[in-house]
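The structure under discussion appears below in the form of structure tokens.
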Amino acid sequence: MTRLRLVLSEALRSIGANLSTSVAATMTVLIGMLLLGLSIALGSWVVSWSNHVKSELQVQVFFVDSVTPKQVNAVGRKLGSDPRVGNYQFVSKAEALRRMKKKYPQLTANLPSNPLPAAFEVTPKKAEDVKVIATVLRKQKFAGVEKIKDGQQTSARILQVGKWISYVFVAMVVVLLIASVILIANTIRLSIFSRRREIEVMKLVGATNWFVRGPFMLEGLLCGLVGSIAAVLLLFIGKQFALPAILGHIDTTDDVKALSFGLTALALIGVGLLIGALGSGLTLRRFLKV
């Protein structure tokens, strides 16, 4: 406890003696964690939206008007035995017309008859299996099936966009983390450089590397903690006041959402502490070689 109290007092003394650099380090963490928090929120929301769009990809099996129940059941048995199929639903001609009237009432107001075919709507377990399921069904050449539609161009475009969104999100987070570590390391280097003579004296009288490193790492931890908490508070204010105004102009569904604010806040505080300790620890290494 005595050693911990000494390390803490040294860290607080260093912060007070080098207030400008400590404030600069804290602001660096604040900006970095604010950008990281925004990236996590926006990136996770976009990834969630991409997954939602992919979950709506379907294979549609359209039947001729003269299809028999036996022919429909044959297709149903094949779909039920395919492990790639998540679920499938039979849509009768009447149900298809009811949906069309609800979605496009003006186009269906004066229809003399029902032009829509009965169909199976097939949702795969993985969106990437849309084309495979459609290909397998086409090879079977079922009697009574008029056409099998998988939206090949649309599904390929959606899957490609979803993949790139994931890549960009991961790359953005990695770049921000590296930039934050470098910035806080450079900022803390100024504080350490101004006390390099003191470090040399401590080493010459027998202080261990960890005894010298402790106050600086604790200083980095405190700067990281204060900066990340300040970033969380700013994000919370934005979540309470700015986010509702933005989402009010975006059509979305209940399953499209960003990572929860609590998890994001914990991640930012943890990353802020890690960056503070890592930045000061790495910077101090060259000054310990006396």
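To be explicit about the labels: the chains of the structure tokens are called A, B, and onward in the order shown, and within each one the residues are counted from 1, while ligands get numbers from 1 in the order they are shown.
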Would you mind writing down, as a PyMOL selection string, each residue of stretch 133-177 of chain A that DSSP on the backbone assigns to helix (DSSP H, G or I)? chain A and resi 133-140+152-177
Excluding same-chain residues fewer than 5 positions from stretch 221-223 of chain A, what lies within 9 Å of it counting only C-alpha atoms, as a PyMOL selection string? chain A and resi 11+22-23+25-27+29+216+228+272-278+280
Produce a file of the selected residues containing N, CA and C atoms, as an mmCIF file, in the first residue's frame.
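Contents of again_12.cif, freshly written:
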```cif
data_model
loop_
_atom_site.group_PDB
_atom_site.id
_atom_site.type_symbol
_atom_site.label_atom_id
_atom_site.label_comp_id
_atom_site.auth_asym_id
_atom_site.auth_seq_id
_atom_site.Cartn_x
_atom_site.Cartn_y
_atom_site.Cartn_z
ATOM 1 N N ALA A 11 2.443 10.307 -9.561
ATOM 2 C CA ALA A 11 1.671 10.526 -10.787
ATOM 3 C C ALA A 11 0.893 11.831 -10.703
ATOM 4 N N SER A 22 -0.456 17.206 -19.748
ATOM 5 C CA SER A 22 -1.482 16.281 -19.250
ATOM 6 C C SER A 22 -2.835 16.590 -19.875
ATOM 7 N N VAL A 23 -3.143 17.893 -19.975
ATOM 8 C CA VAL A 23 -4.391 18.291 -20.623
ATOM 9 C C VAL A 23 -4.367 17.897 -22.093
ATOM 10 N N ALA A 25 -2.702 15.406 -23.440
ATOM 11 C CA ALA A 25 -2.870 13.953 -23.529
ATOM 12 C C ALA A 25 -4.329 13.564 -23.318
ATOM 13 N N THR A 26 -4.962 14.216 -22.339
ATOM 14 C CA THR A 26 -6.380 13.923 -22.064
ATOM 15 C C THR A 26 -7.259 14.300 -23.249
ATOM 16 N N MET A 27 -6.995 15.464 -23.851
ATOM 17 C CA MET A 27 -7.775 15.880 -25.010
ATOM 18 C C MET A 27 -7.545 14.952 -26.192
ATOM 19 N N VAL A 29 -6.903 11.731 -25.978
ATOM 20 C CA VAL A 29 -7.731 10.547 -25.710
ATOM 21 C C VAL A 29 -9.197 10.859 -25.963
ATOM 22 N N PHE A 216 4.479 7.116 -14.392
ATOM 23 C CA PHE A 216 4.153 7.564 -15.748
ATOM 24 C C PHE A 216 3.000 6.740 -16.341
ATOM 25 N N SER A 228 -11.567 9.294 -21.812
ATOM 26 C CA SER A 228 -12.607 8.368 -22.297
ATOM 27 C C SER A 228 -13.951 8.632 -21.628
ATOM 28 N N GLY A 272 -9.530 3.426 -23.625
ATOM 29 C CA GLY A 272 -8.854 4.635 -23.157
ATOM 30 C C GLY A 272 -7.797 4.327 -22.109
ATOM 31 N N LEU A 273 -8.130 3.441 -21.163
ATOM 32 C CA LEU A 273 -7.155 3.031 -20.150
ATOM 33 C C LEU A 273 -5.972 2.306 -20.799
ATOM 34 N N LEU A 274 -6.278 1.417 -21.725
ATOM 35 C CA LEU A 274 -5.219 0.659 -22.394
ATOM 36 C C LEU A 274 -4.304 1.577 -23.192
ATOM 37 N N ILE A 275 -4.897 2.518 -23.922
ATOM 38 C CA ILE A 275 -4.099 3.435 -24.731
ATOM 39 C C ILE A 275 -3.223 4.311 -23.840
ATOM 40 N N GLY A 276 -3.784 4.795 -22.722
ATOM 41 C CA GLY A 276 -3.003 5.626 -21.816
ATOM 42 C C GLY A 276 -1.806 4.889 -21.251
ATOM 43 N N ALA A 277 -2.025 3.657 -20.775
ATOM 44 C CA ALA A 277 -0.927 2.873 -20.209
ATOM 45 C C ALA A 277 0.066 2.464 -21.283
ATOM 46 N N LEU A 278 -0.443 2.043 -22.440
ATOM 47 C CA LEU A 278 0.430 1.583 -23.518
ATOM 48 C C LEU A 278 1.270 2.733 -24.074
ATOM 49 N N SER A 280 2.214 5.567 -22.607
ATOM 50 C CA SER A 280 3.261 6.000 -21.676
ATOM 51 C C SER A 280 4.317 4.927 -21.477
#
```
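Interatomic distance, atom CA of A:Leu268 against atom CA of A:Tyr167: 20.6 Å.
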With only C-alpha atoms as the counted atoms, please give the residues lying no more than 8 Å from A:Trp49, apart from itself and same-chain residues fewer than 3 positions off, as a list in words.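 So the residues in contact are Trp45, Val46, His52, Val53, Val256 and Lys257 of chain A.
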Got a sec to tell me which of stretch 130-179 of chain A DSSP assigns to strand (DSSP E), as a list in words? Val145, Glu146, Lys147, Ile148 and Lys149 of chain A
Would you write out those residues with C-alpha atoms, as a short mmCIF file (atom, residue, chain, number, x, y, z; two decimals), in the first residue's frame?
```cif
data_model
loop_
_atom_site.label_atom_id
_atom_site.label_comp_id
_atom_site.auth_asym_id
_atom_site.auth_seq_id
_atom_site.Cartn_x
_atom_site.Cartn_y
_atom_site.Cartn_z
CA VAL A 145 -42.99 -24.82 -61.70
CA GLU A 146 -43.04 -21.90 -64.09
CA LYS A 147 -40.05 -19.89 -62.92
CA ILE A 148 -37.50 -19.73 -60.09
CA LYS A 149 -36.32 -16.25 -59.19
#
```
Taking only C-alpha atoms into account, name the residue in A:Ser48, A:Ser39, A:Ser20, A:Thr28 that is nearest to A:Gly227. A:Thr28
Let me make sure I understand: among A:Val85, A:Met217, A:Leu183, A:Leu42, which one has the smallest atom-to-atom distance to A:Ala127 if we use only C-alpha atoms? A:Val85
Could you list, as a ChimeraX atom specification, every residue within 8 Å of A:Arg84, counting only C-alpha atoms and ignoring same-chain residues fewer than 4 positions away? /A:124-126,129,133
For A:Met33, list every protein, DNA or RNA residue within 12 Å, evaluated using only C-alpha atoms, and leave out those in the same chain fewer than 5 positions away; present the list as a PyMOL selection string. chain A and resi 26-28+38-41+173+176-181+184+224-235+264-276
How about saving the chosen residues, C-alpha atoms kept, as a CSV table (one decimal), in the first residue's frame?
```
chain,number,residue,atom,x,y,z
A,26,THR,CA,-6.4,13.9,-22.1
A,27,MET,CA,-7.8,15.9,-25.0
A,28,THR,CA,-6.0,13.5,-27.4
A,38,LEU,CA,-18.9,7.4,-33.4
A,39,SER,CA,-17.3,4.8,-35.6
A,40,ILE,CA,-18.5,1.9,-33.5
A,41,ALA,CA,-22.1,3.3,-33.4
A,173,VAL,CA,-11.5,0.9,-35.8
A,176,LEU,CA,-8.3,5.0,-35.0
A,177,LEU,CA,-6.8,2.7,-32.3
A,178,ILE,CA,-3.3,3.0,-33.8
A,179,ALA,CA,-3.6,6.8,-34.3
A,180,SER,CA,-4.8,7.2,-30.7
A,181,VAL,CA,-1.8,5.2,-29.3
A,184,ILE,CA,-1.0,9.9,-26.8
A,224,GLY,CA,-6.9,7.8,-20.6
A,225,LEU,CA,-9.7,7.4,-18.0
A,226,VAL,CA,-10.6,11.1,-17.8
A,227,GLY,CA,-10.5,11.5,-21.6
A,228,SER,CA,-12.6,8.4,-22.3
A,229,ILE,CA,-15.2,9.3,-19.7
A,230,ALA,CA,-15.5,12.8,-21.2
A,231,ALA,CA,-15.9,11.2,-24.6
A,232,VAL,CA,-18.7,8.9,-23.2
A,233,LEU,CA,-20.5,11.9,-21.7
A,234,LEU,CA,-20.4,13.8,-25.1
A,235,LEU,CA,-21.7,10.7,-26.9
A,264,THR,CA,-19.8,1.0,-26.3
A,265,ALA,CA,-19.1,3.1,-23.2
A,266,LEU,CA,-17.4,0.2,-21.4
A,267,ALA,CA,-15.3,-0.5,-24.6
A,268,LEU,CA,-14.3,3.2,-24.8
A,269,ILE,CA,-13.3,3.4,-21.2
A,270,GLY,CA,-11.3,0.1,-21.4
A,271,VAL,CA,-9.6,1.2,-24.7
A,272,GLY,CA,-8.9,4.6,-23.2
A,273,LEU,CA,-7.2,3.0,-20.1
A,274,LEU,CA,-5.2,0.7,-22.4
A,275,ILE,CA,-4.1,3.4,-24.7
A,276,GLY,CA,-3.0,5.6,-21.8
```
Name all residues at most 6 Å from A:Thr123 (count only C-alpha atoms; drop same-chain ones fewer than 3 positions away) and give them as an MDAnalysis selection string. chainID A and resid 58 86:87
Between atom CA of A:Gln60 and atom CA of A:Phe90, what is the distance in Å, rounded to a tenth? 9.9 Å
Residue neighbourhood stretch 117-119 of chain A, 8 Å, only C-alpha atoms, exclusion window fewer than 2 positions, as a PyMOL selection string: chain A and resi 60-65+90-93+96+115+121
